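work10.tsv (TSV, C-alpha atoms) appears below.
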chain	number	residue	atom	x	y	z
A	2	MET	CA	18.71	6.58	24.73
A	3	ILE	CA	15.90	7.10	22.26
A	4	SER	CA	14.67	3.79	20.80
A	5	ASP	CA	11.11	4.73	19.84
A	6	PRO	CA	10.25	3.90	16.18
A	7	LEU	CA	9.34	7.58	15.71
A	8	TRP	CA	12.95	8.56	16.39
A	9	GLN	CA	14.20	5.87	14.05
A	10	LEU	CA	11.94	7.23	11.31
A	11	ALA	CA	13.04	10.82	11.96
A	12	ARG	CA	16.71	9.86	11.84
A	13	GLU	CA	16.20	8.04	8.52
A	14	ARG	CA	14.55	11.22	7.19
A	15	GLY	CA	17.55	13.36	8.12
A	16	VAL	CA	16.15	14.93	11.31
A	17	THR	CA	18.87	15.55	13.91
A	18	ARG	CA	18.44	14.42	17.50
A	19	ARG	CA	18.32	18.02	18.73
A	20	ARG	CA	15.63	18.96	16.21
A	21	PHE	CA	13.69	15.77	16.97
A	22	LEU	CA	13.58	16.59	20.68
A	23	GLY	CA	12.59	20.18	19.94
A	24	LEU	CA	9.77	19.12	17.63
A	25	LEU	CA	8.60	16.52	20.14
A	26	ALA	CA	8.49	19.11	22.93
A	27	ALA	CA	6.75	21.71	20.79
A	28	GLY	CA	4.13	19.65	19.00
A	29	GLY	CA	4.49	15.98	19.85
A	30	ALA	CA	4.43	13.20	17.29
A	31	ALA	CA	2.38	15.29	14.85
A	32	ALA	CA	5.14	17.88	14.57
A	33	VAL	CA	7.80	15.21	14.02
A	34	LEU	CA	5.73	13.55	11.29
A	35	ALA	CA	5.11	16.89	9.58
A	36	ALA	CA	8.87	17.44	9.45
A	37	CYS	CA	9.47	13.93	8.08
A	38	PHE	CA	6.76	14.17	5.43
A	39	PRO	CA	6.24	17.75	4.25
A	40	ASP	CA	3.14	18.55	2.22
A	41	ASP	CA	5.07	19.04	-1.01
A	42	ARG	CA	5.55	15.26	-1.19
A	43	LEU	CA	1.88	14.84	-2.02
A	44	ASP	CA	0.33	15.05	-5.47
A	45	GLU	CA	-2.52	17.47	-4.87
A	46	SER	CA	-3.70	17.24	-8.48
A	47	SER	CA	-5.66	14.07	-7.69
A	48	GLY	CA	-7.49	12.44	-4.83
A	49	LEU	CA	-4.55	10.12	-4.27
A	50	ALA	CA	-1.15	11.04	-2.88
A	51	LYS	CA	0.68	8.28	-4.71
A	52	ASP	CA	2.21	8.56	-8.18
A	53	PRO	CA	-0.11	6.46	-10.39
A	54	GLU	CA	2.51	5.84	-13.09
A	55	PRO	CA	3.73	2.38	-11.91
A	56	PHE	CA	0.15	1.07	-11.57
A	57	ILE	CA	-2.83	-0.05	-13.60
A	58	ALA	CA	-5.40	2.63	-12.77
A	59	HIS	CA	-9.02	1.72	-12.02
A	60	GLY	CA	-11.06	4.91	-11.84
A	61	GLU	CA	-10.31	7.64	-9.32
A	62	ALA	CA	-9.39	5.51	-6.34
A	63	GLY	CA	-8.02	2.17	-7.48
A	64	LEU	CA	-4.37	1.48	-8.32
A	65	GLU	CA	-3.48	-2.10	-9.20
A	66	SER	CA	0.11	-3.18	-8.66
A	67	ARG	CA	2.09	-4.60	-11.56
A	68	LEU	CA	3.49	-7.85	-10.21
A	69	GLU	CA	6.17	-7.82	-12.89
A	70	LEU	CA	7.77	-4.87	-11.06
A	71	MET	CA	8.16	-6.92	-7.86
A	72	ASP	CA	10.56	-9.71	-7.06
A	73	GLY	CA	11.17	-9.28	-3.34
A	74	VAL	CA	9.60	-10.28	-0.06
A	75	ILE	CA	8.31	-6.79	0.78
A	76	THR	CA	6.24	-4.62	-1.56
A	77	PRO	CA	7.68	-1.07	-1.56
A	78	ASN	CA	5.20	1.59	-0.49
A	79	ARG	CA	5.44	3.27	-3.89
A	80	LEU	CA	4.27	0.01	-5.55
A	81	PHE	CA	1.65	-1.05	-2.98
A	82	PHE	CA	-1.85	-1.24	-4.45
A	83	VAL	CA	-4.57	1.22	-3.42
A	84	ARG	CA	-8.28	0.53	-3.01
A	85	ASN	CA	-10.37	3.42	-1.73
A	86	ASN	CA	-14.13	3.62	-1.29
A	87	SER	CA	-14.21	7.40	-1.67
A	88	PRO	CA	-12.92	9.56	-4.54
A	89	GLU	CA	-9.91	10.68	-2.54
A	90	SER	CA	-7.64	9.77	0.34
A	91	PRO	CA	-8.64	12.03	3.26
A	92	GLU	CA	-6.03	14.28	4.83
A	93	VAL	CA	-6.36	13.82	8.59
A	94	ASP	CA	-4.65	16.11	11.10
A	95	PRO	CA	-3.05	13.76	13.65
A	96	ALA	CA	-3.06	16.48	16.31
A	97	ALA	CA	-6.86	16.78	16.13
A	98	TRP	CA	-7.54	13.11	15.43
A	99	ARG	CA	-9.13	10.91	18.09
A	100	LEU	CA	-9.96	7.23	18.19
A	101	VAL	CA	-13.33	6.72	19.86
A	102	VAL	CA	-14.17	3.32	21.39
A	103	GLU	CA	-17.76	2.88	22.52
A	104	GLY	CA	-20.73	0.50	22.56
A	105	ASP	CA	-22.81	-1.58	24.94
A	106	ALA	CA	-20.05	-4.20	25.26
A	107	VAL	CA	-17.40	-1.92	26.76
A	108	ALA	CA	-17.35	-0.88	30.40
A	109	GLN	CA	-15.27	2.29	29.91
A	110	PRO	CA	-15.80	4.11	26.60
A	111	LEU	CA	-12.68	6.04	25.73
A	112	GLU	CA	-10.97	8.43	23.36
A	113	LEU	CA	-7.32	8.09	22.48
A	114	THR	CA	-5.08	10.70	20.88
A	115	TYR	CA	-2.43	9.72	18.37
A	116	GLU	CA	0.31	10.15	20.95
A	117	GLU	CA	-1.57	8.12	23.56
A	118	LEU	CA	-2.04	5.33	21.07
A	119	ARG	CA	1.66	5.31	20.18
A	120	ARG	CA	2.58	5.00	23.85
A	121	LEU	CA	0.91	1.60	23.99
A	122	PRO	CA	3.14	-1.47	23.44
A	123	ALA	CA	4.15	-1.57	19.76
A	124	ARG	CA	3.98	-4.66	17.58
A	125	THR	CA	5.46	-5.40	14.16
A	126	LEU	CA	3.84	-7.87	11.78
A	127	VAL	CA	4.77	-9.10	8.29
A	128	SER	CA	1.66	-9.91	6.26
A	129	TYR	CA	0.12	-9.68	2.85
A	130	LEU	CA	-2.95	-7.51	2.28
A	131	GLU	CA	-5.37	-8.40	-0.51
A	132	CYS	CA	-8.58	-6.91	-1.83
A	133	ALA	CA	-11.58	-9.25	-1.74
A	134	GLY	CA	-12.01	-8.57	-5.47
A	135	ASN	CA	-8.47	-9.45	-6.52
A	136	HIS	CA	-8.64	-11.62	-9.70
A	137	ARG	CA	-12.29	-10.50	-10.23
A	138	VAL	CA	-11.82	-9.99	-13.97
A	139	MET	CA	-11.06	-13.72	-14.25
A	140	PHE	CA	-14.74	-14.57	-13.80
A	141	ASP	CA	-15.23	-12.92	-17.19
A	142	ARG	CA	-12.00	-14.09	-18.82
A	143	LEU	CA	-12.22	-17.73	-17.70
A	144	GLN	CA	-15.92	-18.35	-17.03
A	145	GLY	CA	-17.48	-15.88	-19.46
A	146	ARG	CA	-19.56	-14.24	-16.70
A	147	GLY	CA	-18.69	-10.68	-15.79
A	148	ALA	CA	-18.98	-9.78	-12.09
A	149	LYS	CA	-19.85	-6.35	-10.73
A	150	GLY	CA	-17.14	-4.13	-9.33
A	151	THR	CA	-13.62	-2.96	-10.15
A	152	GLN	CA	-12.15	-5.36	-12.70
A	153	TRP	CA	-8.99	-6.18	-10.79
A	154	GLY	CA	-6.46	-8.47	-12.42
A	155	THR	CA	-3.87	-10.15	-10.20
A	156	GLY	CA	-2.29	-7.07	-8.60
A	157	ALA	CA	-4.70	-6.01	-5.83
A	158	VAL	CA	-2.30	-7.50	-3.29
A	159	GLY	CA	0.90	-6.52	-1.51
A	160	ASN	CA	3.14	-7.78	1.28
A	161	GLY	CA	4.24	-5.36	3.97
A	162	VAL	CA	5.78	-4.81	7.40
A	163	TRP	CA	3.05	-3.33	9.59
A	164	LEU	CA	3.74	-1.40	12.80
A	165	GLY	CA	1.08	-0.65	15.36
A	166	VAL	CA	-0.63	-1.78	18.54
A	167	ALA	CA	-2.81	-4.80	19.16
A	168	LEU	CA	-6.50	-3.94	18.83
A	169	ALA	CA	-7.00	-6.26	21.79
A	170	ASP	CA	-4.94	-3.90	23.98
A	171	VAL	CA	-7.19	-0.97	23.10
A	172	LEU	CA	-10.38	-2.98	23.62
A	173	THR	CA	-9.05	-4.19	26.96
A	174	LEU	CA	-8.45	-0.58	28.03
A	175	ALA	CA	-12.09	0.10	27.16
A	176	GLY	CA	-13.18	-2.87	29.29
A	177	ILE	CA	-14.56	-5.15	26.57
A	178	THR	CA	-17.09	-7.50	28.14
A	179	ASP	CA	-17.21	-11.28	27.87
A	180	ASP	CA	-20.50	-11.17	25.98
A	181	ALA	CA	-19.18	-8.99	23.15
A	182	VAL	CA	-20.24	-10.35	19.74
A	183	SER	CA	-19.48	-7.75	17.07
A	184	VAL	CA	-16.91	-5.00	16.56
A	185	LEU	CA	-17.78	-2.27	14.05
A	186	LEU	CA	-14.87	-0.29	12.58
A	187	VAL	CA	-15.68	3.09	11.01
A	188	GLY	CA	-13.38	5.17	8.82
A	189	LEU	CA	-13.16	8.94	8.41
A	190	ASP	CA	-13.54	8.84	4.61
A	191	GLU	CA	-16.82	10.77	4.49
A	192	GLY	CA	-17.09	10.32	0.72
A	193	ALA	CA	-17.47	6.55	1.16
A	194	PRO	CA	-20.86	4.85	1.40
A	195	GLU	CA	-22.56	5.36	4.79
A	196	GLY	CA	-20.49	8.50	5.37
A	197	GLY	CA	-17.41	6.57	6.39
A	198	PHE	CA	-16.40	3.11	5.19
A	199	ARG	CA	-17.17	0.45	7.78
A	200	ARG	CA	-16.98	-3.27	8.37
A	201	VAL	CA	-18.16	-5.55	11.15
A	202	VAL	CA	-15.80	-8.23	12.46
A	203	THR	CA	-16.30	-10.82	15.15
A	204	ALA	CA	-15.15	-10.07	18.68
A	205	GLY	CA	-12.89	-13.09	18.39
A	206	LYS	CA	-11.07	-11.67	15.35
A	207	ALA	CA	-10.83	-8.26	16.99
A	208	MET	CA	-9.23	-9.77	20.09
A	209	HIS	CA	-6.76	-11.94	18.16
A	210	PRO	CA	-3.25	-10.87	19.22
A	211	ASP	CA	-2.18	-10.31	15.59
A	212	THR	CA	-5.07	-7.98	14.74
A	213	LEU	CA	-3.45	-4.55	14.69
A	214	LEU	CA	-4.21	-0.89	14.72
A	215	ALA	CA	-1.40	0.07	12.35
A	216	TYR	CA	0.34	3.44	12.10
A	217	GLY	CA	3.40	2.37	10.11
A	218	LEU	CA	4.14	0.51	6.89
A	219	ASN	CA	7.58	-0.68	5.77
A	220	GLY	CA	9.50	1.50	8.17
A	221	GLU	CA	7.61	4.68	7.32
A	222	VAL	CA	4.66	6.43	8.84
A	223	LEU	CA	1.49	4.96	7.34
A	224	PRO	CA	1.06	6.63	3.91
A	225	ARG	CA	-2.00	8.79	3.34
A	226	ASP	CA	-3.40	6.44	0.70
A	227	HIS	CA	-3.11	3.57	3.14
A	228	GLY	CA	-5.01	5.15	6.01
A	229	TYR	CA	-2.84	7.71	7.84
A	230	PRO	CA	-2.88	8.23	10.74
A	231	LEU	CA	-4.37	4.83	11.69
A	232	ARG	CA	-5.90	1.79	10.06
A	233	ALA	CA	-7.01	-1.61	11.24
A	234	PHE	CA	-5.05	-4.57	9.94
A	235	MET	CA	-6.45	-8.11	10.00
A	236	PRO	CA	-4.12	-10.80	8.67
A	237	GLY	CA	-5.83	-13.41	6.53
A	238	TRP	CA	-9.08	-11.48	6.14
A	239	VAL	CA	-10.11	-9.51	3.06
A	240	GLY	CA	-8.71	-6.02	2.75
A	241	SER	CA	-12.04	-4.28	3.31
A	242	THR	CA	-11.96	-5.35	6.98
A	243	SER	CA	-8.67	-3.46	7.46
A	244	ILE	CA	-10.46	-0.12	7.70
A	245	LYS	CA	-8.38	2.92	6.74
A	246	TRP	CA	-8.45	6.36	8.41
A	247	LEU	CA	-9.97	4.65	11.43
A	248	GLY	CA	-11.89	6.97	13.73
A	249	ARG	CA	-14.48	4.96	15.64
A	250	ILE	CA	-14.91	1.47	17.06
A	251	VAL	CA	-18.28	0.22	18.30
A	252	VAL	CA	-18.35	-2.98	20.37
A	253	SER	CA	-21.74	-4.66	20.64
A	254	ARG	CA	-23.42	-7.56	22.41
A	255	GLU	CA	-25.48	-8.11	19.24
A	256	GLN	CA	-24.65	-9.02	15.67
A	257	LEU	CA	-24.32	-5.71	13.81
A	258	TRP	CA	-25.34	-5.20	10.19
A	259	THR	CA	-24.22	-2.54	7.72
A	260	ARG	CA	-24.18	-2.15	3.95
A	261	ASN	CA	-20.86	-3.99	3.89
A	262	ASN	CA	-22.06	-7.25	5.35
A	263	THR	CA	-25.60	-7.28	3.90
A	264	THR	CA	-25.42	-6.21	0.24
A	265	SER	CA	-21.72	-5.47	-0.36
A	266	TYR	CA	-18.76	-7.71	0.50
A	267	VAL	CA	-21.24	-10.56	0.40
A	268	LEU	CA	-21.12	-13.70	-1.76
A	269	ILE	CA	-24.41	-13.56	-3.69
A	270	GLY	CA	-25.38	-16.42	-5.98
A	271	ASP	CA	-27.04	-19.81	-6.26
A	272	ASP	CA	-24.26	-21.48	-4.25
A	273	TYR	CA	-24.40	-19.01	-1.36
A	274	PRO	CA	-27.59	-19.18	0.74
A	275	PRO	CA	-28.33	-15.94	2.65
A	276	GLU	CA	-27.22	-15.61	6.26
A	277	GLY	CA	-28.95	-13.35	8.79
A	278	GLU	CA	-29.85	-10.00	7.22
A	279	ALA	CA	-27.40	-10.46	4.35
A	280	ASP	CA	-28.26	-11.20	0.72
A	281	GLY	CA	-25.72	-14.01	0.79
A	282	GLN	CA	-22.64	-14.93	2.83
A	283	ALA	CA	-20.45	-12.16	4.21
A	284	VAL	CA	-16.86	-12.21	2.93
A	285	THR	CA	-14.29	-12.48	5.71
A	286	VAL	CA	-11.37	-14.90	5.23
A	287	GLN	CA	-9.33	-14.66	2.03
A	288	SER	CA	-8.62	-17.58	-0.33
A	289	ILE	CA	-5.40	-19.26	-1.43
A	290	LYS	CA	-4.00	-17.82	-4.68
A	291	SER	CA	-0.95	-17.71	-6.92
A	292	ALA	CA	0.02	-15.43	-9.80
A	293	LEU	CA	2.93	-14.88	-12.13
A	294	GLY	CA	4.92	-11.65	-12.14
A	295	LEU	CA	4.10	-10.87	-15.76
A	296	PRO	CA	2.08	-8.25	-17.65
A	297	TRP	CA	-1.29	-9.40	-19.04
A	298	PRO	CA	-0.86	-10.54	-21.77
A	299	ALA	CA	2.91	-11.00	-21.76
A	300	GLU	CA	5.39	-10.91	-24.62
A	301	LEU	CA	8.77	-12.62	-24.39
A	302	GLY	CA	11.62	-13.43	-26.71
A	303	ALA	CA	12.44	-17.03	-27.48
A	304	GLY	CA	14.84	-18.76	-25.11
A	305	THR	CA	15.10	-19.76	-21.47
A	306	HIS	CA	13.41	-17.44	-18.99
A	307	ARG	CA	13.31	-17.39	-15.20
A	308	MET	CA	9.64	-17.02	-14.38
A	309	HIS	CA	8.66	-15.77	-10.96
A	310	GLY	CA	5.51	-15.15	-9.01
A	311	PHE	CA	3.77	-14.98	-5.66
A	312	ALA	CA	1.49	-17.28	-3.69
A	313	HIS	CA	-0.34	-16.73	-0.41
A	314	SER	CA	-2.91	-18.37	1.81
A	315	PRO	CA	-4.82	-17.25	4.92
A	316	HIS	CA	-4.51	-20.77	6.31
A	317	GLY	CA	-0.71	-21.02	6.65
A	318	ASP	CA	2.56	-21.14	4.75
A	319	ILE	CA	2.65	-22.22	1.12
A	320	ALA	CA	3.89	-25.82	0.93
A	321	ARG	CA	4.30	-26.02	-2.86
A	322	VAL	CA	3.58	-24.25	-6.11
A	323	GLU	CA	3.15	-26.15	-9.35
A	324	TRP	CA	3.21	-24.85	-12.91
A	325	SER	CA	1.88	-26.11	-16.19
A	326	ALA	CA	2.60	-25.18	-19.80
A	327	ASP	CA	-0.11	-27.41	-21.29
A	328	GLY	CA	-3.32	-26.09	-19.78
A	329	GLY	CA	-3.10	-28.16	-16.61
A	330	THR	CA	-2.69	-31.61	-18.18
A	331	SER	CA	0.68	-32.03	-16.50
A	332	TRP	CA	2.29	-30.13	-13.62
A	333	GLN	CA	5.84	-29.46	-12.47
A	334	LEU	CA	7.10	-28.17	-9.15
A	335	ALA	CA	8.33	-24.60	-8.92
A	336	ARG	CA	11.05	-23.58	-6.45
A	337	LEU	CA	9.93	-21.76	-3.35
A	338	VAL	CA	12.20	-18.82	-2.57
A	339	GLU	CA	12.85	-18.25	1.13
A	340	PRO	CA	11.86	-16.74	3.39
A	341	GLN	CA	8.15	-17.03	4.14
A	342	VAL	CA	7.64	-14.72	7.10
A	343	GLN	CA	4.64	-14.80	9.46
A	344	TYR	CA	1.58	-14.07	7.31
A	345	GLY	CA	3.63	-13.04	4.30
A	346	TRP	CA	3.43	-14.36	0.78
A	347	ALA	CA	5.73	-16.98	-0.74
A	348	ARG	CA	7.81	-16.27	-3.81
A	349	PHE	CA	8.34	-18.97	-6.39
A	350	GLU	CA	10.31	-19.37	-9.60
A	351	PHE	CA	11.03	-21.82	-12.40
A	352	GLU	CA	12.79	-21.92	-15.75
A	353	TRP	CA	10.75	-22.10	-18.92
A	354	GLU	CA	12.05	-22.76	-22.39
A	355	ALA	CA	10.03	-20.36	-24.53
A	356	ARG	CA	9.47	-21.23	-28.18
A	357	PRO	CA	7.87	-18.86	-30.71
A	358	GLY	CA	4.08	-18.90	-30.70
A	359	GLU	CA	1.11	-18.42	-28.37
A	360	HIS	CA	1.33	-20.08	-24.95
A	361	THR	CA	-0.23	-20.11	-21.50
A	362	LEU	CA	1.49	-20.75	-18.20
A	363	THR	CA	-0.68	-21.77	-15.25
A	364	THR	CA	0.25	-21.95	-11.57
A	365	ARG	CA	-1.48	-23.43	-8.56
A	366	ALA	CA	-0.55	-23.30	-4.88
A	367	THR	CA	-1.06	-25.65	-1.96
A	368	ASP	CA	-0.62	-24.60	1.68
A	369	VAL	CA	0.58	-26.53	4.72
A	370	ALA	CA	-3.04	-27.13	5.79
A	371	GLY	CA	-3.70	-29.01	2.54
A	372	ASN	CA	-5.72	-26.29	0.76
A	373	THR	CA	-5.13	-26.17	-3.00
A	374	GLN	CA	-6.47	-23.76	-5.58
A	375	PRO	CA	-9.67	-25.34	-6.94
A	376	ASP	CA	-10.32	-26.23	-10.57
A	377	ALA	CA	-13.46	-24.06	-10.52
A	378	VAL	CA	-15.02	-21.37	-8.32
A	379	PRO	CA	-18.81	-20.92	-8.11
A	380	PHE	CA	-19.85	-17.56	-9.57
A	381	ASN	CA	-20.93	-14.75	-7.27
A	382	GLU	CA	-22.42	-11.45	-8.41
A	383	LYS	CA	-19.73	-9.22	-6.87
A	384	GLY	CA	-16.82	-11.37	-8.02
A	385	TYR	CA	-15.15	-11.96	-4.67
A	386	LEU	CA	-12.54	-14.59	-3.76
A	387	PHE	CA	-11.81	-15.87	-7.28
A	388	ASN	CA	-8.94	-18.32	-6.93
A	389	GLN	CA	-8.95	-20.78	-9.82
A	390	PRO	CA	-5.50	-21.37	-11.31
A	391	VAL	CA	-5.03	-18.64	-13.90
A	392	PRO	CA	-3.73	-19.57	-17.41
A	393	HIS	CA	-1.52	-16.58	-18.19
A	394	PRO	CA	-1.30	-15.79	-21.93
A	395	ILE	CA	2.20	-15.29	-23.33
A	396	ARG	CA	3.27	-14.50	-26.89
A	397	VAL	CA	6.82	-15.61	-27.71
A	398	THR	CA	8.57	-13.99	-30.69

Is it possible to express this structure as structure tokens?
Amino acid sequence: MISDPLWQLARERGVTRRRFLGLLAAGGAAAVLAACFPDDRLDESSGLAKDPEPFIAHGEAGLESRLELMDGVITPNRLFFVRNNSPESPEVDPAAWRLVVEGDAVAQPLELTYEELRRLPARTLVSYLECAGNHRVMFDRLQGRGAKGTQWGTGAVGNGVWLGVALADVLTLAGITDDAVSVLLVGLDEGAPEGGFRRVVTAGKAMHPDTLLAYGLNGEVLPRDHGYPLRAFMPGWVGSTSIKWLGRIVVSREQLWTRNNTTSYVLIGDDYPPEGEADGQAVTVQSIKSALGLPWPAELGAGTHRMHGFAHSPHGDIARVEWSADGGTSWQLARLVEPQVQYGWARFEFEWEARPGEHTLTTRATDVAGNTQPDAVPFNEKGYLFNQPVPHPIRVT
């Protein structure tokens, strides 16, 4: 009996069992995936494979999700935001691809093929993924100080079902040593800074059982824009640590430094004293946030409306979401919509009686650990981790 997720995917894509076995014998997993996802599904007119129409576009390689199009637990792949650090999503041949694991803190450097990686014990994880710069534009809109970088609104976030193997299993195969300090992840996107986007994470985060090397998203093979054939996935940490098109892992006994933990993905400002070789404090863990599923600004007709939105925290489940129609003078509880799954976001909703005129609706979330969205966030030059409650403008006619 065939129970491998690859067979399940092939069956969903209309591949018969006989053809599946023939493809597997002739060309392995790469041949099966090619049959499931032929090239004519890709939009070769741009650097991205995904149809940009449902998104707010930010340059060549940034697609912001429209939260008003979502009302479910899982973000469909076609609506999942994209943040690239190169002008295009690389096309990687899985048959030629190798994952290299090396460094002075591994006893047995190794190379794994795609098929070898998929033969390791598989894990499934439900988690949100969020860009470190999500809500960045709010520094300008709410504090009057524009931050550098893509001016994301509230949609650089999505919630998915991730399939892969534990990074810890791969590092254990390579013989990671007890004195390992840093793990450097390097992507194959040669158009990114440093000739391949890279981030350093702690050995502890790398060895966490829920840190994945993901090859599937929402029951499909990992889409090209999301890092096919393999990406790292680190629940609770900013999206830039979940390196896409992963090709190399370096494990070191020393603290490693790159552009992306010295000058970029660093909190730089008066409230963030420099650490180590960095210009400030490296961004790792995300921050608690909430947002309404509405366009910015929104227009509604008069009457009663069911408002909905999403809240998420790296520190645990959302315990409550409150909303205000008077600029935060008074707050009311919203309803949390079950389920909250693993590291996934929470959905919330409430009824609002809309009267003609200009209004704002503000939400704030609190998690089970007691963290609440703060009234103010100290400014940082790159605009990371903004999580003040956002007063959402609405015109009612």

Adding 5 Å on each side of the box along x, y and z that holds all listed atoms of segment 309-324 of chain A, could you give its centre and edge lengths in Å to one decimal, as AutoDock Vina command-line options?
--center_x 1.9 --center_y -20.6 --center_z -3.1 --size_x 23.5 --size_y 21.2 --size_z 29.6

Residue among A:Asp272, A:Leu186, A:Ile75, A:Ala106 lying closest to Trp246 of chain A, counting all atoms listed in the file: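 Nearest to Trp246 of chain A: A:Leu186.
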
Would you work out the distance separating atom CA of Glu92 of chain A from atom CA of Glu117 of chain A, expressed in Å to one decimal? 20.2 Å

Ranking A:Gln282, A:Ala175, A:Asp226, A:Thr361 by minimum distance to Ala50 of chain A and counting all atoms listed in the file, which one comes first?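 Going through A:Gln282, A:Ala175, A:Asp226, A:Thr361 one by one, the smallest distance to Ala50 of chain A is for A:Asp226.
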
Could you jot down the atom CA of Gln287 of chain A to atom CA of Glu339 of chain A separation for me, Å, one decimal place?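 It comes out at 22.5 Å.
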
Could you pull the residues within 8 Å of segment 308-325 of chain A, counting all atoms listed in the file, minus those fewer than 6 positions along the same chain, as an NGL selection string? :A and (68 or 72 or 129 or 236-238 or 286-294 or 331-337 or 341 or 344-353 or 362-370 or 372)

Go through A:Val342, A:Val182, A:Val187, A:Leu301 one by one, measure the shortest atom-to-atom distance of each to Gly205 of chain A using all atoms listed in the file, and give the residue with the smallest value.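 When distances to Gly205 of chain A are compared using all atoms listed in the file, the smallest one comes from A:Val182.
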
Can you tell me, as a ChimeraX atom specification, what residues are no more than 8 Å from Ala157 of chain A when counting all atoms listed in the file, ignoring any on the same chain fewer than 3 positions away? /A:64-66,82-84,131-132,134-136,153-154

Keeping only C-alpha atoms, take the residues you just selected and write them out as a PDB file, in the frame of the given file.
ATOM      1  CA  LEU A  64      -4.370   1.480  -8.320  1.00  0.00           C
ATOM      2  CA  GLU A  65      -3.480  -2.100  -9.200  1.00  0.00           C
ATOM      3  CA  SER A  66       0.110  -3.180  -8.660  1.00  0.00           C
ATOM      4  CA  PHE A  82      -1.850  -1.240  -4.450  1.00  0.00           C
ATOM      5  CA  VAL A  83      -4.570   1.220  -3.420  1.00  0.00           C
ATOM      6  CA  ARG A  84      -8.280   0.530  -3.010  1.00  0.00           C
ATOM      7  CA  GLU A 131      -5.370  -8.400  -0.510  1.00  0.00           C
ATOM      8  CA  CYS A 132      -8.580  -6.910  -1.830  1.00  0.00           C
ATOM      9  CA  GLY A 134     -12.010  -8.570  -5.470  1.00  0.00           C
ATOM     10  CA  ASN A 135      -8.470  -9.450  -6.520  1.00  0.00           C
ATOM     11  CA  HIS A 136      -8.640 -11.620  -9.700  1.00  0.00           C
ATOM     12  CA  TRP A 153      -8.990  -6.180 -10.790  1.00  0.00           C
ATOM     13  CA  GLY A 154      -6.460  -8.470 -12.420  1.00  0.00           C
TER      14      GLY A 154
END

List the neighbours of segment 254-267 of chain A out to 7 Å using all atoms listed in the file; skip same-chain residues closer than 2 positions along the sequence, and give me the result as a PDB file with C-alpha atoms, keeping the file's coordinate frame.
ATOM      1  CA  ASP A 105     -22.810  -1.580  24.940  1.00  0.00           C
ATOM      2  CA  ALA A 106     -20.050  -4.200  25.260  1.00  0.00           C
ATOM      3  CA  ASP A 180     -20.500 -11.170  25.980  1.00  0.00           C
ATOM      4  CA  ALA A 181     -19.180  -8.990  23.150  1.00  0.00           C
ATOM      5  CA  VAL A 182     -20.240 -10.350  19.740  1.00  0.00           C
ATOM      6  CA  SER A 183     -19.480  -7.750  17.070  1.00  0.00           C
ATOM      7  CA  ARG A 199     -17.170   0.450   7.780  1.00  0.00           C
ATOM      8  CA  ARG A 200     -16.980  -3.270   8.370  1.00  0.00           C
ATOM      9  CA  VAL A 201     -18.160  -5.550  11.150  1.00  0.00           C
ATOM     10  CA  ILE A 269     -24.410 -13.560  -3.690  1.00  0.00           C
ATOM     11  CA  GLU A 278     -29.850 -10.000   7.220  1.00  0.00           C
ATOM     12  CA  ALA A 279     -27.400 -10.460   4.350  1.00  0.00           C
ATOM     13  CA  ASP A 280     -28.260 -11.200   0.720  1.00  0.00           C
ATOM     14  CA  GLY A 281     -25.720 -14.010   0.790  1.00  0.00           C
ATOM     15  CA  GLN A 282     -22.640 -14.930   2.830  1.00  0.00           C
ATOM     16  CA  ALA A 283     -20.450 -12.160   4.210  1.00  0.00           C
ATOM     17  CA  VAL A 284     -16.860 -12.210   2.930  1.00  0.00           C
TER      18      VAL A 284
END

Coordinates-based distance that separates atom CA of Met139 of chain A from atom CA of Ala299 of chain A (Å, one decimal): 16.1 Å

One residue among A:Pro55, A:Gly188, A:Pro224, A:Gly358 is nearest to Thr242 of chain A when using only C-alpha atoms, and that residue is A:Gly188

Pick from A:Pro230, A:Gly329, A:Gly384, A:Pro392 nearest to Trp297 of chain A, counting only C-alpha atoms: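 Closest candidate: A:Pro392.
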
Determine, counting only C-alpha atoms, which protein, DNA and RNA residues have an atom within 9 Å of an atom of Ala123 of chain A; residues of the same chain fewer than 3 positions away are not included. Present the result as JSON, numbers by chain. {"A": [6, 119, 120, 164, 165, 166, 167]}
